[in-house]
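The next block is coords.json, given as JSON, C-alpha atoms and all ligand atoms.
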[["chain", "number", "residue", "atom", "x", "y", "z"],
["D", 1, "MET", "CA", 53.15, 71.52, 80.60],
["D", 2, "GLU", "CA", 55.50, 68.79, 81.83],
["D", 3, "LYS", "CA", 53.94, 66.03, 83.86],
["D", 4, "PRO", "CA", 55.39, 65.71, 87.40],
["D", 5, "ILE", "CA", 57.45, 62.59, 88.12],
["D", 6, "SER", "CA", 56.93, 60.82, 91.41],
["D", 7, "ARG", "CA", 58.53, 57.97, 93.40],
["D", 8, "LYS", "CA", 57.76, 56.49, 96.78],
["D", 9, "ILE", "CA", 60.95, 56.39, 98.89],
["D", 10, "GLY", "CA", 60.32, 54.57, 102.18],
["D", 11, "SER", "CA", 57.06, 56.15, 103.37],
["D", 12, "THR", "CA", 57.68, 59.51, 101.64],
["D", 13, "GLN", "CA", 56.46, 60.63, 98.21],
["D", 14, "LEU", "CA", 59.27, 62.33, 96.25],
["D", 15, "VAL", "CA", 57.95, 64.50, 93.42],
["D", 16, "ILE", "CA", 59.78, 66.51, 90.76],
["D", 17, "LEU", "CA", 57.72, 69.17, 89.04],
["D", 18, "LEU", "CA", 57.96, 72.26, 86.88],
["D", 19, "GLY", "CA", 56.67, 75.31, 88.73],
["D", 20, "ASP", "CA", 57.16, 78.32, 90.97],
["D", 21, "ILE", "CA", 58.26, 77.47, 94.50],
["D", 22, "THR", "CA", 56.55, 80.54, 95.99],
["D", 23, "GLU", "CA", 53.16, 79.07, 95.05],
["D", 24, "GLN", "CA", 53.66, 75.62, 96.57],
["D", 25, "PRO", "CA", 51.18, 74.45, 99.22],
["D", 26, "THR", "CA", 53.74, 72.35, 101.11],
["D", 27, "GLU", "CA", 54.15, 73.20, 104.80],
["D", 28, "ALA", "CA", 57.68, 74.48, 104.14],
["D", 29, "ILE", "CA", 59.62, 75.72, 101.14],
["D", 30, "VAL", "CA", 63.41, 75.87, 101.00],
["D", 31, "ASN", "CA", 65.23, 79.04, 100.00],
["D", 32, "ALA", "CA", 68.58, 79.04, 98.15],
["D", 33, "ALA", "CA", 69.91, 81.89, 100.25],
["D", 34, "ASN", "CA", 73.34, 83.45, 100.77],
["D", 35, "PRO", "CA", 75.21, 83.59, 104.11],
["D", 36, "SER", "CA", 74.04, 87.16, 104.91],
["D", 37, "LEU", "CA", 70.36, 86.07, 104.80],
["D", 38, "ARG", "CA", 69.53, 89.57, 103.56],
["D", 39, "GLY", "CA", 67.79, 88.37, 100.40],
["D", 40, "GLY", "CA", 69.08, 88.56, 96.85],
["D", 41, "GLY", "CA", 68.06, 87.71, 93.30],
["D", 42, "GLY", "CA", 66.74, 84.44, 91.85],
["D", 43, "VAL", "CA", 64.60, 82.24, 94.05],
["D", 44, "ASP", "CA", 65.76, 84.13, 97.18],
["D", 45, "GLY", "CA", 64.38, 87.41, 95.81],
["D", 46, "ALA", "CA", 61.13, 85.75, 94.72],
["D", 47, "ILE", "CA", 60.58, 84.20, 98.18],
["D", 48, "HIS", "CA", 61.23, 87.46, 100.07],
["D", 49, "ARG", "CA", 59.00, 89.44, 97.67],
["D", 50, "ALA", "CA", 56.12, 86.98, 97.98],
["D", 51, "GLY", "CA", 56.53, 86.31, 101.73],
["D", 52, "GLY", "CA", 56.98, 89.89, 102.90],
["D", 53, "ARG", "CA", 58.91, 91.73, 105.58],
["D", 54, "GLN", "CA", 58.46, 89.21, 108.41],
["D", 55, "ILE", "CA", 60.83, 86.72, 106.76],
["D", 56, "LEU", "CA", 63.63, 89.29, 106.51],
["D", 57, "GLU", "CA", 63.07, 90.41, 110.11],
["D", 58, "GLN", "CA", 63.46, 86.84, 111.39],
["D", 59, "CYS", "CA", 66.58, 86.37, 109.23],
["D", 60, "GLN", "CA", 68.08, 89.53, 110.74],
["D", 61, "THR", "CA", 67.28, 88.38, 114.27],
["D", 62, "TYR", "CA", 69.08, 85.12, 113.47],
["D", 63, "THR", "CA", 72.22, 86.75, 112.03],
["D", 64, "ARG", "CA", 72.46, 89.24, 114.91],
["D", 65, "LYS", "CA", 72.51, 86.29, 117.30],
["D", 66, "HIS", "CA", 74.46, 83.64, 115.35],
["D", 67, "GLY", "CA", 76.29, 85.53, 112.59],
["D", 68, "SER", "CA", 76.08, 84.54, 108.93],
["D", 69, "LEU", "CA", 74.78, 81.14, 107.83],
["D", 70, "PRO", "CA", 77.65, 78.99, 106.51],
["D", 71, "SER", "CA", 77.20, 77.14, 103.23],
["D", 72, "GLY", "CA", 75.79, 73.66, 103.75],
["D", 73, "LYS", "CA", 73.78, 74.73, 106.83],
["D", 74, "ALA", "CA", 70.08, 75.63, 107.31],
["D", 75, "MET", "CA", 67.80, 77.76, 109.52],
["D", 76, "VAL", "CA", 64.03, 78.28, 109.59],
["D", 77, "THR", "CA", 61.70, 81.31, 109.59],
["D", 78, "THR", "CA", 58.00, 81.91, 109.15],
["D", 79, "GLY", "CA", 56.56, 81.76, 105.63],
["D", 80, "GLY", "CA", 55.00, 85.18, 106.18],
["D", 81, "LYS", "CA", 52.43, 85.80, 103.45],
["D", 82, "LEU", "CA", 53.34, 82.64, 101.52],
["D", 83, "ARG", "CA", 51.07, 79.59, 101.35],
["D", 84, "ALA", "CA", 53.89, 77.69, 103.08],
["D", 85, "LYS", "CA", 53.93, 78.14, 106.84],
["D", 86, "TYR", "CA", 57.74, 78.02, 107.02],
["D", 87, "VAL", "CA", 60.77, 78.91, 104.93],
["D", 88, "ILE", "CA", 63.90, 76.83, 105.48],
["D", 89, "HIS", "CA", 66.87, 78.93, 104.39],
["D", 90, "THR", "CA", 69.97, 77.07, 103.26],
["D", 91, "VAL", "CA", 73.13, 78.13, 101.46],
["D", 92, "GLY", "CA", 74.50, 76.03, 98.63],
["D", 93, "PRO", "CA", 78.11, 76.21, 97.44],
["D", 94, "VAL", "CA", 79.35, 78.72, 94.88],
["D", 95, "TYR", "CA", 80.58, 76.10, 92.40],
["D", 96, "LYS", "CA", 84.34, 75.51, 92.53],
["D", 97, "ASN", "CA", 85.17, 71.95, 91.47],
["D", 98, "LYS", "CA", 84.18, 68.26, 91.56],
["D", 99, "GLN", "CA", 86.01, 67.65, 94.84],
["D", 100, "GLU", "CA", 84.96, 70.55, 97.08],
["D", 101, "SER", "CA", 81.46, 71.42, 95.88],
["D", 102, "PRO", "CA", 79.42, 68.16, 96.02],
["D", 103, "PRO", "CA", 79.69, 67.58, 99.82],
["D", 104, "ILE", "CA", 78.52, 71.15, 100.51],
["D", 105, "LEU", "CA", 75.55, 70.83, 98.17],
["D", 106, "GLN", "CA", 74.70, 67.44, 99.68],
["D", 107, "SER", "CA", 74.84, 68.98, 103.15],
["D", 108, "ALA", "CA", 72.47, 71.83, 102.15],
["D", 109, "TYR", "CA", 69.79, 69.23, 101.29],
["D", 110, "GLN", "CA", 70.53, 67.03, 104.32],
["D", 111, "GLU", "CA", 70.53, 69.88, 106.84],
["D", 112, "SER", "CA", 67.28, 71.28, 105.39],
["D", 113, "LEU", "CA", 65.57, 67.90, 105.71],
["D", 114, "LYS", "CA", 66.94, 67.42, 109.22],
["D", 115, "LEU", "CA", 65.58, 70.80, 110.26],
["D", 116, "ALA", "CA", 62.21, 70.00, 108.69],
["D", 117, "GLU", "CA", 62.02, 66.77, 110.69],
["D", 118, "GLU", "CA", 63.07, 68.50, 113.91],
["D", 119, "SER", "CA", 60.40, 71.16, 113.29],
["D", 120, "LYS", "CA", 57.73, 68.42, 112.77],
["D", 121, "ILE", "CA", 57.15, 69.64, 109.23],
["D", 122, "THR", "CA", 55.45, 67.01, 107.06],
["D", 123, "SER", "CA", 55.90, 68.40, 103.54],
["D", 124, "VAL", "CA", 58.69, 70.43, 101.95],
["D", 125, "SER", "CA", 59.58, 71.88, 98.54],
["D", 126, "PHE", "CA", 63.17, 72.47, 97.36],
["D", 127, "PRO", "CA", 64.39, 74.66, 94.50],
["D", 128, "SER", "CA", 67.39, 73.64, 92.41],
["D", 129, "ILE", "CA", 69.99, 74.91, 94.90],
["D", 130, "SER", "CA", 73.21, 76.49, 93.52],
["D", 131, "THR", "CA", 72.36, 76.10, 89.80],
["D", 132, "GLY", "CA", 71.63, 79.80, 89.16],
["D", 133, "ALA", "CA", 73.88, 82.59, 90.43],
["D", 134, "TYR", "CA", 76.16, 80.02, 92.13],
["D", 135, "ARG", "CA", 76.81, 78.31, 88.73],
["D", 136, "TYR", "CA", 76.79, 74.65, 89.79],
["D", 137, "PRO", "CA", 76.59, 72.54, 86.58],
["D", 138, "LEU", "CA", 72.95, 71.51, 86.32],
["D", 139, "GLN", "CA", 73.15, 67.75, 85.72],
["D", 140, "ALA", "CA", 75.83, 67.28, 88.38],
["D", 141, "ALA", "CA", 73.77, 69.30, 90.89],
["D", 142, "ALA", "CA", 70.63, 67.30, 90.08],
["D", 143, "GLU", "CA", 72.48, 64.03, 90.76],
["D", 144, "VAL", "CA", 73.81, 65.25, 94.11],
["D", 145, "ALA", "CA", 70.41, 66.67, 95.12],
["D", 146, "VAL", "CA", 68.43, 63.55, 94.25],
["D", 147, "LYS", "CA", 70.93, 61.21, 95.92],
["D", 148, "ALA", "CA", 71.04, 63.37, 99.07],
["D", 149, "VAL", "CA", 67.24, 63.46, 99.37],
["D", 150, "ILE", "CA", 66.81, 59.74, 98.65],
["D", 151, "GLY", "CA", 69.54, 58.90, 101.18],
["D", 152, "CYS", "CA", 67.77, 60.87, 103.93],
["D", 153, "LEU", "CA", 64.38, 59.38, 103.11],
["D", 154, "ARG", "CA", 65.72, 55.82, 102.99],
["D", 155, "ALA", "CA", 67.36, 56.31, 106.38],
["D", 156, "GLY", "CA", 63.84, 56.82, 107.78],
["D", 157, "SER", "CA", 61.68, 59.91, 107.65],
["D", 158, "ALA", "CA", 58.36, 61.16, 109.01],
["D", 159, "LEU", "CA", 57.98, 63.45, 105.99],
["D", 160, "GLN", "CA", 54.98, 62.66, 103.80],
["D", 161, "LEU", "CA", 55.99, 64.69, 100.77],
["D", 162, "VAL", "CA", 59.24, 66.13, 99.39],
["D", 163, "GLN", "CA", 59.11, 68.12, 96.14],
["D", 164, "ILE", "CA", 61.86, 69.50, 93.95],
["D", 165, "VAL", "CA", 60.34, 72.46, 92.13],
["D", 166, "CYS", "CA", 62.07, 73.23, 88.83],
["D", 167, "PHE", "CA", 61.61, 76.70, 87.37],
["D", 168, "THR", "CA", 62.67, 75.88, 83.81],
["D", 169, "LYS", "CA", 62.14, 72.95, 81.48],
["D", 170, "ASN", "CA", 65.92, 72.28, 81.32],
["D", 171, "THR", "CA", 66.04, 72.06, 85.08],
["D", 172, "PHE", "CA", 63.06, 69.72, 85.14],
["D", 173, "THR", "CA", 64.65, 67.44, 82.54],
["D", 174, "ALA", "CA", 67.91, 67.24, 84.51],
["D", 175, "TYR", "CA", 66.19, 66.32, 87.80],
["D", 176, "LYS", "CA", 63.84, 63.89, 86.08],
["D", 177, "MET", "CA", 66.84, 62.06, 84.58],
["D", 178, "ALA", "CA", 68.64, 62.04, 87.93],
["D", 179, "LEU", "CA", 65.61, 60.57, 89.71],
["D", 180, "GLU", "CA", 65.08, 57.93, 87.01],
["D", 181, "GLU", "CA", 68.75, 56.92, 87.21],
["D", 182, "ALA", "CA", 68.86, 56.87, 91.00],
["D", 183, "THR", "CA", 65.75, 54.75, 91.34],
["D", 184, "GLU", "CA", 66.68, 52.37, 88.48],
["D", 185, "GLN", "CA", 69.89, 51.45, 90.31],
["D", 186, "ALA", "CA", 67.95, 50.62, 93.47],
["D", 201, "LIG", "N1", 60.71, 78.95, 91.92],
["D", 201, "LIG", "C1", 61.55, 77.90, 91.73],
["D", 201, "LIG", "N2", 62.81, 78.06, 91.29],
["D", 201, "LIG", "C2", 63.23, 79.31, 90.99],
["D", 201, "LIG", "C3", 62.43, 80.46, 91.16],
["D", 201, "LIG", "C4", 61.11, 80.24, 91.64],
["D", 201, "LIG", "N3", 60.26, 81.25, 91.85],
["D", 201, "LIG", "N4", 63.16, 81.55, 90.79],
["D", 201, "LIG", "C5", 64.36, 81.09, 90.38],
["D", 201, "LIG", "N5", 64.40, 79.74, 90.51],
["D", 201, "LIG", "C6", 65.49, 78.80, 90.18],
["D", 201, "LIG", "C7", 66.51, 79.22, 89.14],
["D", 201, "LIG", "O1", 65.98, 79.03, 87.84],
["D", 201, "LIG", "C8", 67.64, 78.23, 89.43],
["D", 201, "LIG", "O2", 67.38, 76.98, 88.75],
["D", 201, "LIG", "O3", 66.28, 78.58, 91.33],
["D", 201, "LIG", "C9", 67.51, 77.96, 90.92],
["D", 201, "LIG", "C10", 68.62, 78.49, 91.78],
["D", 201, "LIG", "O4", 69.08, 79.73, 91.29],
["D", 201, "LIG", "P1", 69.40, 80.97, 92.24],
["D", 201, "LIG", "O5", 68.15, 81.53, 92.80],
["D", 201, "LIG", "O6", 70.30, 81.88, 91.48],
["D", 201, "LIG", "O7", 70.19, 80.28, 93.50],
["D", 201, "LIG", "P2", 71.73, 79.83, 93.67],
["D", 201, "LIG", "O8", 72.37, 79.41, 92.40],
["D", 201, "LIG", "O9", 71.73, 78.88, 94.83],
["D", 201, "LIG", "O10", 72.45, 81.16, 94.09],
["D", 201, "LIG", "C11", 72.22, 81.73, 95.34],
["D", 201, "LIG", "O11", 71.60, 83.84, 94.44],
["D", 201, "LIG", "O12", 70.03, 85.45, 94.66],
["D", 201, "LIG", "C12", 71.09, 84.94, 95.18],
["D", 201, "LIG", "O13", 70.82, 85.48, 97.49],
["D", 201, "LIG", "C13", 71.04, 84.43, 96.59],
["D", 201, "LIG", "O14", 73.32, 84.98, 96.64],
["D", 201, "LIG", "C14", 72.41, 83.89, 96.61],
["D", 201, "LIG", "C15", 72.55, 83.21, 95.27]]
For the file at hand, write its structure as structure tokens.
Amino acid sequence: MEKPISRKIGSTQLVILLGDITEQPTEAIVNAANPSLRGGGGVDGAIHRAGGRQILEQCQTYTRKHGSLPSGKAMVTTGGKLRAKYVIHTVGPVYKNKQESPPILQSAYQESLKLAEESKITSVSFPSISTGAYRYPLQAAAEVAVKAVIGCLRAGSALQLVQIVCFTKNTFTAYKMALEEATEQA
């Protein structure tokens, strides 16, 4: 089992670990959703299966009122039957190229953290957004994700804990490298 890697950024602990996001005890977990918010495969499917019907019902209420969730934006529902009290749903970019995709991925992390702060959430777990079905190259996505999170935390945050939960060893290695590089430069 890989040992988690941890850094203190401002007053927040940032942790990268290998694991299943549906089992995390943080107050919120983030879902890599799609604009319809109707669920899907990957981490989205796992979260809806583990959290139950209530999550989907709240997503449907949201889309009836506001329409689909654009990529780079975030909304929040209950965690239903999950250990987490809330699920923050965000939509990463379907990978296109080095110009268009990074700002959207960056925004997905920033908007999720902003919503967590606004909701007075103190701990949150992210998956590796966009690196599955949306085919964002892993190392590039890890660099954007880590920089986006560190940027938000350095700007001042009431969050105590932010985790990035990697489902595979390759994913863990990519995020670990990105965190080491980002904090070495500091
Ligand atoms: N815990 C943590 N990470 C997980 C889990 C889990 N239980 N299950 C899958 N993952 C990881 C994958 O290994 C991948 O690294 O989540 C990462 C993101 O992959 P996807 O879930 O495919 O998400 P994404 O690339 O953002 O694509 C979103 O997939 O299922 C659909 O509805 C979703 O259409 C949307 C698209």
Go through chain D and flag each residue having an atom no more than 10 Å from ligand LIG 201 (chain D); for those, report the closest pair of atoms plus their distance in Å to one decimal, using all atoms listed in the file, ordered by chain and rising number, as CSV.
residue,atom,partner,partner_atom,distance
D:Leu17,CA,D:LIG201,C1,9.9
D:Leu18,CA,D:LIG201,C1,8.3
D:Gly19,CA,D:LIG201,C1,6.3
D:Asp20,CA,D:LIG201,N1,3.7
D:Ile21,CA,D:LIG201,N1,3.9
D:Thr22,CA,D:LIG201,N3,5.6
D:Glu23,CA,D:LIG201,N3,8.1
D:Gln24,CA,D:LIG201,N1,9.1
D:Ile29,CA,D:LIG201,N1,9.8
D:Val30,CA,D:LIG201,C1,9.7
D:Asn31,CA,D:LIG201,O5,8.2
D:Ala32,CA,D:LIG201,O9,4.6
D:Ala33,CA,D:LIG201,C13,4.6
D:Asn34,CA,D:LIG201,C14,4.3
D:Pro35,CA,D:LIG201,O14,7.8
D:Ser36,CA,D:LIG201,O13,8.3
D:Leu37,CA,D:LIG201,O13,7.3
D:Arg38,CA,D:LIG201,O13,7.4
D:Gly39,CA,D:LIG201,O13,5.1
D:Gly40,CA,D:LIG201,O13,3.6
D:Gly41,CA,D:LIG201,O12,3.3
D:Gly42,CA,D:LIG201,O5,3.4
D:Val43,CA,D:LIG201,N4,3.6
D:Asp44,CA,D:LIG201,O12,5.1
D:Gly45,CA,D:LIG201,O12,6.1
D:Ala46,CA,D:LIG201,N3,5.4
D:Ile47,CA,D:LIG201,N3,7.0
D:Ala50,CA,D:LIG201,N3,9.4
D:Thr90,CA,D:LIG201,O9,8.8
D:Val91,CA,D:LIG201,O9,6.8
D:Gly92,CA,D:LIG201,O9,5.5
D:Pro93,CA,D:LIG201,O9,7.4
D:Val94,CA,D:LIG201,O10,7.4
D:Tyr95,CA,D:LIG201,O8,8.9
D:Leu105,CA,D:LIG201,O9,9.5
D:Ser125,CA,D:LIG201,C1,9.3
D:Phe126,CA,D:LIG201,C1,8.0
D:Pro127,CA,D:LIG201,N2,4.9
D:Ser128,CA,D:LIG201,C9,4.6
D:Ile129,CA,D:LIG201,O9,4.3
D:Ser130,CA,D:LIG201,O9,3.1
D:Thr131,CA,D:LIG201,O8,4.2
D:Gly132,CA,D:LIG201,O4,3.3
D:Ala133,CA,D:LIG201,O6,3.8
D:Tyr134,CA,D:LIG201,O8,3.8
D:Arg135,CA,D:LIG201,O8,5.9
D:Tyr136,CA,D:LIG201,O8,7.0
D:Pro137,CA,D:LIG201,O8,9.9
D:Leu138,CA,D:LIG201,O2,8.2
D:Ile164,CA,D:LIG201,C1,8.7
D:Val165,CA,D:LIG201,C1,5.6
D:Cys166,CA,D:LIG201,N2,5.5
D:Phe167,CA,D:LIG201,N2,4.3
D:Thr168,CA,D:LIG201,O1,6.1
D:Lys169,CA,D:LIG201,O1,9.6
D:Asn170,CA,D:LIG201,O2,8.9
D:Thr171,CA,D:LIG201,O2,6.3
D:Phe172,CA,D:LIG201,O2,9.2
task = Excluding Glu117 (chain D) and any residue of its chain fewer than 3 positions from it, enumerate the residues within 8 Å of it, using only C-alpha atoms, and give them as a ChimeraX atom specification.
result = /D:113-114,120-122,157-159
message = Report, in Å to a single decimal, how far apart CA of Leu14 (chain D) and CA of Glu181 (chain D) are.
response =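 Rounded to one decimal, the two atoms are 14.2 Å apart.
Taking CA of Cys152 (chain D) and CA of Leu115 (chain D) as endpoints, the distance between them is 12.0 Å.
Around the point (61.9, 87.6, 105.3), within 10 Å and counting only C-alpha atoms, we find these residues: Leu37, Arg38, Gly39, Asp44, Gly45, Ile47, His48, Arg49, Ala50, Gly51, Gly52, Arg53, Gln54, Ile55, Leu56, Glu57, Gln58, Cys59, Gln60, Thr77, Thr78, Gly79, Gly80, Lys81 and Val87 of chain D.
Closest approach to Leu153 (chain D) among D:Leu69, D:Gln110, D:Met1, D:Glu118: D:Gln110, based on all atoms listed in the file.
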D:Ala74, D:Ala182, D:Ile9, D:Ala140 ranked by distance to Ala155 (chain D), top pick (using all atoms listed in the file) = D:Ile9
remark   = Counting all atoms listed in the file, closest pick from D:Ile16, D:Tyr109, D:Lys85, D:Ser101 relative to Pro4 (chain D) is D:Ile16
ask   = When distances are computed from only C-alpha atoms, which of D:Pro102, D:Lys8, D:Gln163, D:Glu27 shows the smallest separation from Glu143 (chain D)?
value =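 Closest residue, counting only C-alpha atoms: D:Pro102.
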query = What is the CA of Ala28 (chain D)-CA of Ile88 (chain D) distance in Å, reported with one decimal?
reply =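 The value is 6.8 Å.
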query = Which residues come within 7 Å of Gln160 (chain D), counting only C-alpha atoms, excluding same-chain residues fewer than 3 positions away, as an MDAnalysis selection string?
reply = chainID D and resid 11:13 122:123
Export C-alpha atoms of the chosen residues as a short mmCIF file (atom, residue, chain, number, x, y, z; two decimals), in the frame of the given file?
data_model
loop_
_atom_site.label_atom_id
_atom_site.label_comp_id
_atom_site.auth_asym_id
_atom_site.auth_seq_id
_atom_site.Cartn_x
_atom_site.Cartn_y
_atom_site.Cartn_z
CA SER D 11 57.06 56.15 103.37
CA THR D 12 57.68 59.51 101.64
CA GLN D 13 56.46 60.63 98.21
CA THR D 122 55.45 67.01 107.06
CA SER D 123 55.90 68.40 103.54
#
From D:Thr183, D:Thr173, D:Ser71, D:Asn97, residue lying nearest Arg154 (chain D) [all atoms listed in the file] =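 Checking each candidate against Arg154 (chain D), we get D:Thr183 as the closest.
Closest to Arg7 (chain D) among D:Ser119, D:Val124, D:Ser112, D:Glu184 is D:Glu184, based on only C-alpha atoms.
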